[in-house]
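Notes for the one structure printed next.
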Protein chains: 2
Amino acid sequence: MDIRDKRILEALQEDATLPVADLADRVGLSTSACWRRIKALEEDGLIARRVALIDRRKTNVAMTVFVGVRTSRHSMAWLDAFRKVIQGIPEIVEAYRLTGDMDYLLRLVVPSVEVYDAVYKKMISEVDFTDVTSFISMEELKYTTAVPLRYA
Amino acid sequence: MDIRDKRILEALQEDATLPVADLADRVGLSTSACWRRIKALEEDGLIARRVALIDRRKTNVAMTVFVGVRTSRHSMAWLDAFRKVIQGIPEIVEAYRLTGDMDYLLRLVVPSVEVYDAVYKKMISEVDFTDVTSFISMEELKYTTAVPLRYA
DNA sequence: TGTGAAAACCTCGTAGT
DNA sequence: ACTACGAGGTTTTCACA
């Protein structure tokens, strides 16, 4: 990828409010050239969207819990049901299917262990699990939405 | 929190490009009232920042790897060193300290196992670990930067 | 809280390199 | 494909009623 496209993406990953003219200066392009590149990046879907990041501590979801999940029901129907449950629970902010015998890892944000327990109960009432393990995060050392662009 | 502030945050968490006037309509406020609320939410730090989300598959970091890390070096110096290493590696997008005997969980985005191996080697060359376990993600079932606002 | 107007910014055309 | 300029529309920003 063009080095200037990378620099545009790098900047917008950090701050999407940057005016095109400022960004153009930083990247070493004219405003219109820079604008056209941004349009192209949006068109091509490289820039998926622009969102506001909310401070979790100030919205009472300071606690992060990881939940490891195992199942013996290796059917597509089970996966679909699980998927639906995940989508319907806003406290689940990330979910991945991992290597190995159908293991899933979820990240939840909640106000407290009590609320986590309620979410946990809701989850197991809607899908079958053979095993659930939770890990509470004591500290967030790093969290960024910016991905490395050196491989692009 | 005010219900209208919540609705503003909900909308901006999904799409930060929304014009204030549109947002105002949706929330049922006048443009200026809505604008003042947004300003206040930024001022108070509830809206931390606005960023562009990049499509990982299109920037060649489609692979997600989770890395569990354990150490026997329970010193502040070790933690500081670890912190610095984490910050310096852009492939590490999330890092948490978990409950239990000094366990850490990292999330990395990389192009391939080969590159993951290189990052892994870099990591262990810079800090001491007693144990490292990695889990490769086969599928991302959910990823959102939007946090639930029902507790705010 | 709402109105309105100025300032800033985006959007995109055109011409020239 | 980029620069430079700029018109015209949209949006932001804020003073004042």
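Labeling convention for the structure tokens: chains A, B, ... as they appear, residues from 1 per chain, ligands from 1 in order of appearance.
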Quick one: contact table of chain A to chain B, 8 Å max, nearest atom pair and distance in Å to one decimal per residue, counting only C-alpha atoms, chain and number order, as CSV?
residue,atom,partner,partner_atom,distance
A:Leu9,CA,B:Ile54,CA,7.8
A:Leu12,CA,B:Ala52,CA,5.4
A:Gln13,CA,B:Ala52,CA,4.8
A:Glu14,CA,B:Val51,CA,5.7
A:Asp15,CA,B:Val51,CA,5.0
A:Ala16,CA,B:Val51,CA,4.5
A:Thr17,CA,B:Arg50,CA,6.5
A:Gly45,CA,B:Asp55,CA,6.8
A:Leu46,CA,B:Asp55,CA,5.2
A:Ile47,CA,B:Ile54,CA,4.7
A:Ala48,CA,B:Ile54,CA,5.4
A:Arg49,CA,B:Leu53,CA,5.4
A:Arg50,CA,B:Ala52,CA,4.3
A:Val51,CA,B:Ala16,CA,4.5
A:Ala52,CA,B:Arg50,CA,4.3
A:Leu53,CA,B:Arg49,CA,5.4
A:Ile54,CA,B:Ile47,CA,4.7
A:Asp55,CA,B:Leu46,CA,5.1
A:Arg56,CA,B:Val147,CA,7.2
A:Lys58,CA,B:Leu46,CA,6.1
A:Thr59,CA,B:Ala152,CA,4.5
A:Asn60,CA,B:Ala152,CA,5.3
A:Val61,CA,B:Tyr151,CA,7.2
A:Arg83,CA,B:Leu141,CA,6.9
A:Ile86,CA,B:Lys142,CA,7.5
A:Gln87,CA,B:Lys142,CA,7.3
A:Pro90,CA,B:Pro148,CA,5.5
A:Glu91,CA,B:Pro148,CA,5.9
A:Val93,CA,B:Thr144,CA,5.3
A:Glu94,CA,B:Tyr143,CA,4.5
A:Ala95,CA,B:Lys142,CA,4.8
A:Tyr96,CA,B:Glu140,CA,4.6
A:Arg97,CA,B:Glu139,CA,5.1
A:Leu98,CA,B:Ser137,CA,4.3
A:Thr99,CA,B:Ile136,CA,5.6
A:Val109,CA,B:Val147,CA,7.2
A:Pro111,CA,B:Tyr151,CA,7.2
A:Phe135,CA,B:Leu98,CA,6.3
A:Ile136,CA,B:Thr99,CA,5.6
A:Ser137,CA,B:Leu98,CA,4.3
A:Met138,CA,B:Leu98,CA,5.3
A:Glu139,CA,B:Arg97,CA,5.1
A:Glu140,CA,B:Tyr96,CA,4.6
A:Leu141,CA,B:Ala95,CA,5.1
A:Lys142,CA,B:Ala95,CA,4.8
A:Tyr143,CA,B:Glu94,CA,4.5
A:Thr144,CA,B:Val93,CA,5.3
A:Thr145,CA,B:Leu53,CA,6.8
A:Ala146,CA,B:Val93,CA,7.3
A:Val147,CA,B:Glu91,CA,6.9
A:Pro148,CA,B:Pro90,CA,5.5
A:Leu149,CA,B:Thr59,CA,6.5
A:Tyr151,CA,B:Asn60,CA,5.8
A:Ala152,CA,B:Thr59,CA,4.5
Return the neighbours of chain A among the residues of chain D, cut-off 10 Å, counting only C-alpha atoms (C1' of nucleotides), as a ChimeraX atom specification. /D:1-4
Per-residue nearest contacts of chain A to chain C (9 Å; only C-alpha atoms (C1' of nucleotides)) as a tab-separated table:
residue	atom	partner	partner_atom	distance
A:Pro19	CA	C:DC9	C1'	7.4
A:Val20	CA	C:DC10	C1'	8.5
A:Ser32	CA	C:DC12	C1'	8.8
A:Trp35	CA	C:DT11	C1'	9.0
Picked from range 81-144 of chain A by DSSP as alpha helix (DSSP H), as a PyMOL selection string: chain A and resi 81-88+113-126
Between CA of Arg4 in chain B and CA of Lys122 in chain A, what is the distance in Å, rounded to a tenth? 27.7 Å
To one decimal place, how far is CA of His74 in chain A from CA of Thr130 in chain A in Å?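 According to the coordinates, CA of His74 in chain A and CA of Thr130 in chain A are separated by 11.3 Å.
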Please compute the CA of Val67 in chain A-CA of Arg73 in chain B distance, one decimal, in Å.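 Spanning CA of Val67 in chain A to CA of Arg73 in chain B is a straight-line distance of 26.1 Å.
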In chain B, DSSP strand (DSSP E or B) residues written as a ChimeraX atom specification: /B:47-54,63-70,92-98,103-110,131-143
